[in-house]
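This is target_27.cif (mmCIF, C-alpha atoms and all ligand atoms).
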```
data_structure
#
loop_
_atom_site.label_atom_id
_atom_site.label_comp_id
_atom_site.auth_asym_id
_atom_site.auth_seq_id
_atom_site.Cartn_x
_atom_site.Cartn_y
_atom_site.Cartn_z
CA MET O 502 5.36 -17.75 -12.84
CA GLN O 503 1.83 -17.78 -11.43
CA TYR O 504 0.61 -14.18 -11.14
CA THR O 505 -0.70 -13.25 -7.68
CA GLY O 506 -2.00 -9.73 -7.15
CA ARG O 507 -3.84 -8.12 -4.27
CA PHE O 508 -5.94 -5.23 -3.07
CA ALA O 509 -5.20 -4.06 0.47
CA PRO O 510 -7.66 -1.44 1.71
CA SER O 511 -7.41 0.08 5.19
CA PRO O 512 -10.82 -0.13 6.88
CA THR O 513 -10.78 3.50 7.96
CA GLY O 514 -13.96 4.25 6.01
CA PRO O 515 -15.87 3.20 2.90
CA LEU O 516 -14.15 2.99 -0.48
CA HIS O 517 -14.20 6.20 -2.52
CA PHE O 518 -13.38 6.78 -6.17
CA GLY O 519 -9.60 6.74 -5.54
CA SER O 520 -9.74 3.32 -3.89
CA LEU O 521 -12.01 2.03 -6.66
CA VAL O 522 -9.35 3.06 -9.20
CA ALA O 523 -6.67 1.06 -7.34
CA ALA O 524 -8.99 -1.93 -7.01
CA VAL O 525 -9.95 -1.87 -10.72
CA ALA O 526 -6.32 -1.52 -11.83
CA SER O 527 -5.04 -4.38 -9.67
CA TYR O 528 -8.00 -6.57 -10.63
CA CYS O 529 -7.71 -6.00 -14.39
CA ASP O 530 -3.95 -6.50 -14.31
CA ALA O 531 -4.32 -9.80 -12.42
CA LYS O 532 -7.27 -11.15 -14.37
CA SER O 533 -5.83 -10.19 -17.78
CA GLN O 534 -2.82 -12.35 -16.93
CA GLY O 535 -4.87 -15.27 -15.60
CA GLY O 536 -3.73 -14.45 -12.09
CA LYS O 537 -5.12 -14.68 -8.60
CA TRP O 538 -6.40 -11.56 -6.85
CA LEU O 539 -6.26 -11.53 -3.07
CA LEU O 540 -7.99 -9.23 -0.63
CA ARG O 541 -6.29 -8.06 2.55
CA MET O 542 -7.80 -5.82 5.22
CA GLU O 543 -5.03 -3.59 6.54
CA ASN O 544 -6.40 -3.21 10.05
CA LEU O 545 -3.08 -3.30 11.89
CA ASP O 546 -4.47 -0.85 14.39
CA GLU O 547 -7.59 -2.82 15.25
CA PRO O 548 -8.69 -0.76 18.28
CA ARG O 549 -8.68 2.38 16.16
CA GLU O 550 -10.46 0.73 13.24
CA VAL O 551 -13.70 2.40 12.16
CA LYS O 552 -16.51 0.09 13.16
CA GLY O 553 -18.27 -1.52 10.22
CA ALA O 554 -15.85 -0.13 7.62
CA ALA O 555 -14.45 -3.55 6.68
CA ASP O 556 -17.98 -4.91 6.11
CA THR O 557 -18.91 -1.87 4.06
CA ILE O 558 -15.82 -2.35 1.89
CA LEU O 559 -16.69 -6.01 1.30
CA GLN O 560 -20.26 -5.04 0.35
CA GLN O 561 -18.99 -2.35 -2.01
CA LEU O 562 -16.53 -4.73 -3.70
CA ASP O 563 -19.24 -7.34 -3.97
CA ALA O 564 -21.69 -4.88 -5.54
CA PHE O 565 -19.05 -4.10 -8.18
CA GLY O 566 -18.65 -7.78 -8.98
CA PHE O 567 -15.06 -8.15 -7.79
CA GLU O 568 -14.25 -11.81 -7.18
CA TRP O 569 -11.37 -12.38 -4.79
CA ASP O 570 -9.49 -15.63 -4.43
CA ASP O 571 -8.90 -17.35 -1.09
CA ALA O 572 -10.15 -16.09 2.27
CA VAL O 573 -9.81 -12.40 3.16
CA VAL O 574 -6.68 -11.85 5.25
CA HIS O 575 -6.85 -9.50 8.25
CA GLN O 576 -3.64 -7.90 9.47
CA SER O 577 -5.02 -7.84 13.02
CA GLN O 578 -4.69 -11.63 13.05
CA ARG O 579 -1.13 -11.85 11.80
CA ALA O 580 0.94 -10.47 14.68
CA GLU O 581 2.97 -13.68 14.96
CA TYR O 582 4.15 -13.36 11.37
CA TYR O 583 5.30 -9.81 12.02
CA ALA O 584 6.94 -10.83 15.30
CA ASP O 585 8.84 -13.56 13.42
CA ALA O 586 10.16 -11.06 10.92
CA LEU O 587 11.13 -8.66 13.69
CA ASN O 588 13.02 -11.51 15.36
CA THR O 589 14.92 -12.21 12.17
CA LEU O 590 15.93 -8.56 11.96
CA GLN O 591 16.85 -8.61 15.65
CA ASN O 592 19.00 -11.73 15.29
CA LYS O 593 20.84 -10.11 12.41
CA GLN O 594 21.32 -6.98 14.55
CA LEU O 595 19.63 -4.81 11.96
CA ILE O 596 17.23 -3.08 14.34
CA TYR O 597 17.66 -1.15 17.58
CA PRO O 598 15.34 0.15 20.30
CA CYS O 599 14.46 3.84 20.27
CA THR O 600 12.78 5.79 23.07
CA CYS O 601 12.99 9.25 21.52
CA THR O 602 9.91 11.45 21.62
CA ARG O 603 8.83 13.52 18.64
CA LYS O 604 10.11 16.60 20.41
CA GLU O 605 13.53 15.06 21.10
CA ILE O 606 13.83 14.19 17.42
CA ALA O 607 12.69 17.68 16.36
CA ASP O 608 15.32 19.21 18.67
CA SER O 609 18.18 17.00 17.55
CA SER O 610 17.62 16.28 13.86
CA ASN O 611 19.35 18.49 11.34
CA ALA O 612 18.09 17.00 8.11
CA SER O 613 14.73 16.66 6.39
CA GLY O 614 13.75 13.75 4.21
CA ILE O 615 10.70 12.96 2.09
CA ASP O 616 8.63 12.00 5.13
CA GLY O 617 9.75 14.58 7.68
CA LEU O 618 12.88 14.75 9.78
CA ILE O 619 15.69 12.24 9.42
CA TYR O 620 16.19 10.36 12.68
CA PRO O 621 19.65 11.33 14.00
CA LYS O 622 20.44 7.81 15.30
CA THR O 623 20.51 9.04 18.91
CA CYS O 624 19.52 5.68 20.37
CA LEU O 625 21.97 3.83 18.15
CA LYS O 626 24.82 5.93 19.55
CA HIS O 627 23.57 5.78 23.15
CA ALA O 628 21.44 2.71 23.74
CA PRO O 629 18.42 3.35 26.00
CA LYS O 630 18.27 1.36 29.25
CA PRO O 631 17.15 -2.20 28.41
CA THR O 632 14.49 -2.06 31.14
CA ASN O 633 12.48 0.47 29.18
CA ILE O 634 9.60 -1.51 27.72
CA HIS O 635 8.10 1.36 25.74
CA ALA O 636 10.69 1.41 23.02
CA ALA O 637 10.05 1.51 19.30
CA ALA O 638 12.23 -0.60 16.99
CA ARG O 639 14.07 1.14 14.18
CA VAL O 640 15.82 -0.51 11.27
CA ALA O 641 19.22 0.88 10.33
CA VAL O 642 19.36 1.91 6.67
CA LEU O 643 22.29 2.23 4.30
CA ASP O 644 23.73 5.23 2.49
CA LYS O 645 23.19 3.51 -0.83
CA ASN O 646 20.78 3.94 -3.74
CA ILE O 647 17.81 1.61 -4.08
CA THR O 648 16.47 1.59 -7.64
CA PHE O 649 13.50 -0.19 -9.11
CA VAL O 650 11.53 0.10 -12.34
CA ASP O 651 7.87 0.79 -11.74
CA ARG O 652 5.68 -0.57 -14.55
CA ILE O 653 3.84 2.77 -14.78
CA GLN O 654 6.08 5.41 -13.21
CA GLY O 655 9.38 4.20 -14.65
CA GLU O 656 12.73 4.14 -12.84
CA ILE O 657 12.62 5.29 -9.21
CA THR O 658 15.74 5.81 -7.10
CA GLN O 659 15.98 6.59 -3.41
CA ASN O 660 18.82 6.70 -0.93
CA LEU O 661 17.25 5.63 2.36
CA ALA O 662 19.91 7.28 4.53
CA ARG O 663 19.47 10.63 2.79
CA ASP O 664 15.72 10.52 2.02
CA VAL O 665 14.18 8.58 4.93
CA GLY O 666 16.61 7.68 7.72
CA ASP O 667 16.38 4.74 10.13
CA PHE O 668 12.67 4.03 10.16
CA ILE O 669 10.28 2.42 12.62
CA VAL O 670 9.24 -1.21 12.14
CA LYS O 671 7.51 -1.55 15.50
CA ARG O 672 5.97 1.35 17.33
CA ALA O 673 6.47 2.20 20.98
CA ASP O 674 2.80 1.32 21.63
CA GLY O 675 3.53 -2.22 20.47
CA LEU O 676 1.90 -2.04 17.04
CA PHE O 677 3.87 -3.21 14.04
CA ALA O 678 4.50 -0.57 11.41
CA TYR O 679 2.77 -0.65 8.03
CA GLN O 680 6.13 -0.93 6.21
CA LEU O 681 6.98 -4.19 7.97
CA ALA O 682 3.47 -5.68 7.84
CA VAL O 683 2.99 -5.06 4.13
CA VAL O 684 6.32 -6.68 3.28
CA VAL O 685 5.62 -9.74 5.43
CA ASP O 686 2.08 -10.08 4.08
CA ASP O 687 3.01 -9.69 0.42
CA ALA O 688 5.75 -12.32 0.86
CA THR O 689 3.73 -14.86 2.86
CA GLN O 690 0.75 -14.48 0.51
CA GLY O 691 3.03 -15.09 -2.48
CA VAL O 692 2.21 -11.74 -4.10
CA THR O 693 4.14 -11.36 -7.36
CA HIS O 694 2.58 -8.09 -8.60
CA VAL O 695 1.65 -5.05 -6.55
CA VAL O 696 -0.65 -2.54 -8.26
CA ARG O 697 -1.64 0.34 -5.95
CA GLY O 698 -1.89 4.10 -5.61
CA ALA O 699 1.13 6.32 -6.30
CA ASP O 700 0.90 7.75 -2.78
CA LEU O 701 2.86 4.61 -1.83
CA LEU O 702 5.58 5.07 -4.44
CA ASP O 703 7.87 6.73 -1.88
CA SER O 704 7.37 3.81 0.54
CA THR O 705 8.45 1.21 -2.00
CA PRO O 706 12.23 1.55 -1.52
CA ARG O 707 11.74 0.97 2.24
CA GLN O 708 9.73 -2.12 1.43
CA ILE O 709 12.34 -3.40 -1.05
CA TYR O 710 15.03 -2.84 1.58
CA LEU O 711 13.08 -4.88 4.15
CA GLN O 712 12.51 -7.63 1.56
CA GLN O 713 16.26 -7.80 1.01
CA LEU O 714 16.99 -7.95 4.74
CA LEU O 715 14.38 -10.67 5.29
CA GLY O 716 15.34 -12.73 2.23
CA PHE O 717 12.01 -12.21 0.44
CA ALA O 718 11.56 -11.83 -3.31
CA THR O 719 10.66 -8.35 -4.55
CA PRO O 720 7.35 -8.27 -6.45
CA LEU O 721 6.87 -6.17 -9.58
CA TYR O 722 5.38 -2.77 -8.74
CA ALA O 723 2.94 -0.57 -10.63
CA HIS O 724 1.72 2.67 -9.04
CA VAL O 725 -1.41 4.18 -10.56
CA PRO O 726 -2.11 7.91 -10.32
CA VAL O 727 -3.94 8.97 -7.19
CA ALA O 728 -7.26 10.77 -7.58
CA VAL O 729 -7.07 14.21 -6.01
CA ASN O 730 -9.68 16.91 -5.52
CA LEU O 731 -9.46 20.36 -7.07
CA ALA O 732 -7.35 21.51 -4.12
CA GLY O 733 -4.84 18.75 -4.96
CA GLU O 734 -5.69 16.69 -1.87
CA LYS O 735 -5.90 12.90 -2.09
CA LEU O 736 -9.51 11.69 -1.97
CA SER O 737 -9.93 10.20 1.46
CA LYS O 738 -12.19 10.26 4.45
CA GLN O 739 -10.24 13.26 5.76
CA THR O 740 -10.95 15.27 2.60
CA LEU O 741 -14.61 14.19 2.76
CA ALA O 742 -14.50 12.15 -0.44
CA LYS O 743 -17.86 10.62 -1.33
CA PRO O 744 -18.10 6.87 -0.75
CA ILE O 745 -18.64 4.95 -3.98
CA SER O 746 -22.27 4.07 -4.43
CA THR O 747 -23.43 0.49 -4.84
CA SER O 748 -25.85 1.56 -7.56
CA LEU O 749 -24.87 2.72 -11.05
CA THR O 750 -21.78 0.56 -10.71
CA GLU O 751 -21.41 0.34 -14.53
CA HIS O 752 -21.00 4.11 -14.73
CA GLN O 753 -18.41 4.15 -11.98
CA LEU O 754 -16.49 1.28 -13.56
CA PHE O 755 -16.51 3.29 -16.79
CA ASP O 756 -15.20 6.35 -14.93
CA ALA O 757 -12.45 4.35 -13.23
CA LEU O 758 -11.36 2.85 -16.57
CA SER O 759 -11.35 6.32 -18.17
CA PHE O 760 -9.26 7.66 -15.27
CA LEU O 761 -6.83 4.80 -15.91
CA GLY O 762 -6.42 5.82 -19.57
CA GLN O 763 -8.16 2.72 -20.94
CA ASN O 764 -10.57 4.60 -23.25
CA PRO O 765 -13.62 2.42 -22.64
CA PRO O 766 -16.33 2.63 -25.34
CA THR O 767 -19.38 4.60 -24.14
CA GLU O 768 -21.62 1.51 -24.54
CA ILE O 769 -19.92 0.11 -21.43
CA LYS O 770 -21.60 2.78 -19.35
CA ASN O 771 -25.03 1.31 -19.84
CA ALA O 772 -24.16 -2.31 -20.50
CA THR O 773 -24.29 -4.93 -17.76
CA LEU O 774 -21.52 -4.97 -15.18
CA ASP O 775 -20.53 -8.34 -16.56
CA LYS O 776 -19.99 -6.87 -20.02
CA GLY O 777 -18.06 -3.98 -18.49
CA TRP O 778 -15.68 -6.31 -16.71
CA ARG O 779 -15.26 -8.48 -19.78
CA TRP O 780 -14.30 -5.42 -21.82
CA ALA O 781 -12.01 -4.12 -19.06
CA ILE O 782 -10.09 -7.36 -18.61
CA THR O 783 -9.80 -8.20 -22.31
CA ASN O 784 -8.62 -4.71 -23.22
CA TRP O 785 -6.50 -3.87 -20.16
CA LYS O 786 -3.25 -2.15 -21.15
CA ILE O 787 -1.08 -1.00 -18.28
CA SER O 788 0.97 0.99 -20.80
CA ASN O 789 -2.07 3.27 -21.28
CA VAL O 790 -2.19 4.28 -17.62
CA PRO O 791 -0.85 7.86 -17.40
CA ASN O 792 2.57 7.94 -15.72
CA LEU O 793 1.50 10.66 -13.31
CA ARG O 794 1.48 10.56 -9.54
CA GLN O 795 -1.87 12.28 -9.33
CA ILE O 796 -4.81 13.34 -11.48
CA LYS O 797 -7.59 15.75 -10.56
CA SER O 798 -11.01 14.17 -10.47
CA ILE O 799 -14.27 15.61 -9.28
N1 LIG P 801 -3.63 -0.09 3.04
C1 LIG P 801 -3.05 0.86 2.14
C2 LIG P 801 -4.09 1.92 1.75
O1 LIG P 801 -5.25 1.70 1.90
C3 LIG P 801 -2.54 0.20 0.87
C4 LIG P 801 -1.30 -0.56 1.12
C5 LIG P 801 -0.70 -1.23 -0.10
O2 LIG P 801 -1.39 -1.38 -1.12
O3 LIG P 801 0.46 -1.61 -0.02
O4 LIG P 801 -3.74 2.99 1.31
ZN ZN P 802 15.77 7.24 19.80
#
```
This structure in structure tokens:
Amino acid sequence: MQYTGRFAPSPTGPLHFGSLVAAVASYCDAKSQGGKWLLRMENLDEPREVKGAADTILQQLDAFGFEWDDAVVHQSQRAEYYADALNTLQNKQLIYPCTCTRKEIADSSNASGIDGLIYPKTCLKHAPKPTNIHAAARVAVLDKNITFVDRIQGEITQNLARDVGDFIVKRADGLFAYQLAVVVDDATQGVTHVVRGADLLDSTPRQIYLQQLLGFATPLYAHVPVAVNLAGEKLSKQTLAKPISTSLTEHQLFDALSFLGQNPPTEIKNATLDKGWRWAITNWKISNVPNLRQIKSI
């Protein structure tokens, strides 16, 4: 099997240390297995995209010496792929329109899942009028365990009915949901290995379920620990994480490799970036990545 990996940043701001960790892990895993490494801009919500963020991310990746294969894919240009998948689900009668507001769901739901309230299937029981164009599309889930073995986090089991509920694949404002887009993109780009942050571990069973419904292969998954600040918050634009700098890249590569449990020799810190990468790829051991969902970093 030809290994195809990917890095899929959302252009909501520049890359910070946490995103660098995910990029380094997916890159080393791909390159150490002679694989391809694709780059995908997850700008589903193009109008709300932060101006210039995608360019900044490309410049940052370039400064670090990442070499991606094939052209960069932009989710904003792939609506027809997502519409196709939605059609397939529609034809198989696996989705249904939902016009419930947040408040209606809050008033009628009586169960909490991992991501908030479980949708009480109101619109499945009483279909909204077909003339209503502002409907979201929800996929009906099963009361059945979905289990997969994460290469870092081990065996993960979720019951979508109990833990998530019928979830949205297309929003009422017409945008496709991340869960659908990522599944379609990984499948159409031939991604065999997903290496990303553990904040997405809980989304993986939803993605596996959609792969099964759409007849796509399930890639192998590896979720690396997320970098959190001292307050335990994920580094992000919202928590004011520092963007990674395009100078002293060797140091930051060293720090990312240390975070990932790779024990890089201190020489790497001051060697050329090229040497750093060579060491990182030759010595990459996914089994050394701590099987934690998060790690505090400065
Ligand atoms: N775009 C997501 C993020 O930046 C990553 C999605 C994925 O890797 O599946 O957090
Ligand atoms: Zn509804």
Test item: residues no farther than 7 Å from ligand LIG 801 (chain P), counting only C-alpha atoms and all ligand atoms, as an MDAnalysis selection string: chainID O and resid 508:511 543 683 697 701
Residues within 9 Å of (-5.5, -1.7, 10.1), counting only C-alpha atoms, listed as a PyMOL selection string: chain O and resi 510-513+542-550+575-577+679
Which residue of O:Gln708, O:Thr689, O:Ser610, O:Asn730 approaches ligand ZN 802 (chain P) most closely, using all atoms listed in the file: O:Ser610
Length of the CA of Gln503 (chain O) to CA of Val725 (chain O) vector [Å]: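 The value is 22.2 Å.
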Residue with smallest distance to Gly566 (chain O) - pool O:Leu681, O:Gly519, O:Asn789, O:Val525, counting all atoms listed in the file: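 Closest candidate: O:Val525.
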Expected selection as a ChimeraX atom specification for ligand ZN 802 (chain P) within 7 Å, all atoms listed in the file: /O:599-601,622-624
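Considering the residues O:Leu702, O:Ala524, O:Ile657, O:Ala584 and counting all atoms listed in the file, Asp563 (chain O) has its shortest atom-to-atom contact with O:Ala524.
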From O:Asp651, O:Asp674, O:Glu581, O:Glu656, residue lying nearest Gly698 (chain O) [all atoms listed in the file]: O:Asp651
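Atom to atom, CA of Cys529 (chain O) and CA of Gln712 (chain O) stand 25.8 Å apart.
In this model, the gap between CA of Ala564 (chain O) and CA of Lys532 (chain O) comes to 18.0 Å.
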Using only C-alpha atoms: which of O:Thr747, O:Thr693, O:Thr705, O:Asn611 has the shortest distance to Ser527 (chain O):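 Answer, going by the shortest atom-to-atom distance: O:Thr693.
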8 Å contact set for Val727 (chain O), only C-alpha atoms, chain neighbours under 6 positions out, as a PyMOL selection string: chain O and resi 519+698-700+735+794-796
Answer as a PyMOL selection string, residues within 6 Å of (-2.8, 6.9, -17.7) using all atoms listed in the file: chain O and resi 761-762+789-792
Residue among O:Gly666, O:Lys797, O:Ala772, O:Phe760 lying closest to Leu731 (chain O), counting only C-alpha atoms: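 That would be O:Lys797, the residue with the smallest distance to Leu731 (chain O).
Contact shell of region 612-614 of chain O at 8 Å (all atoms listed in the file; same-chain neighbours under 5 positions omitted): O:Ile619, O:Arg663, O:Asp664, O:Val665, O:Gly666.
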Box along x, y and z, 6 Å on every side, all listed atoms of region 522-536 of chain O inside: centre and edge lengths in Å to one decimal, as AutoDock Vina command-line options.
```
--center_x -6.4 --center_y -6.1 --center_z -12.4 --size_x 19.1 --size_y 30.3 --size_z 22.8
```
Neighbour list for Ser759 (chain O) as a ChimeraX atom specification, cut-off 12 Å, all atoms listed in the file, skip fewer than 2 positions in-chain: /O:522,525-526,752-757,761-767,769-770,781,785,789-791,796,798
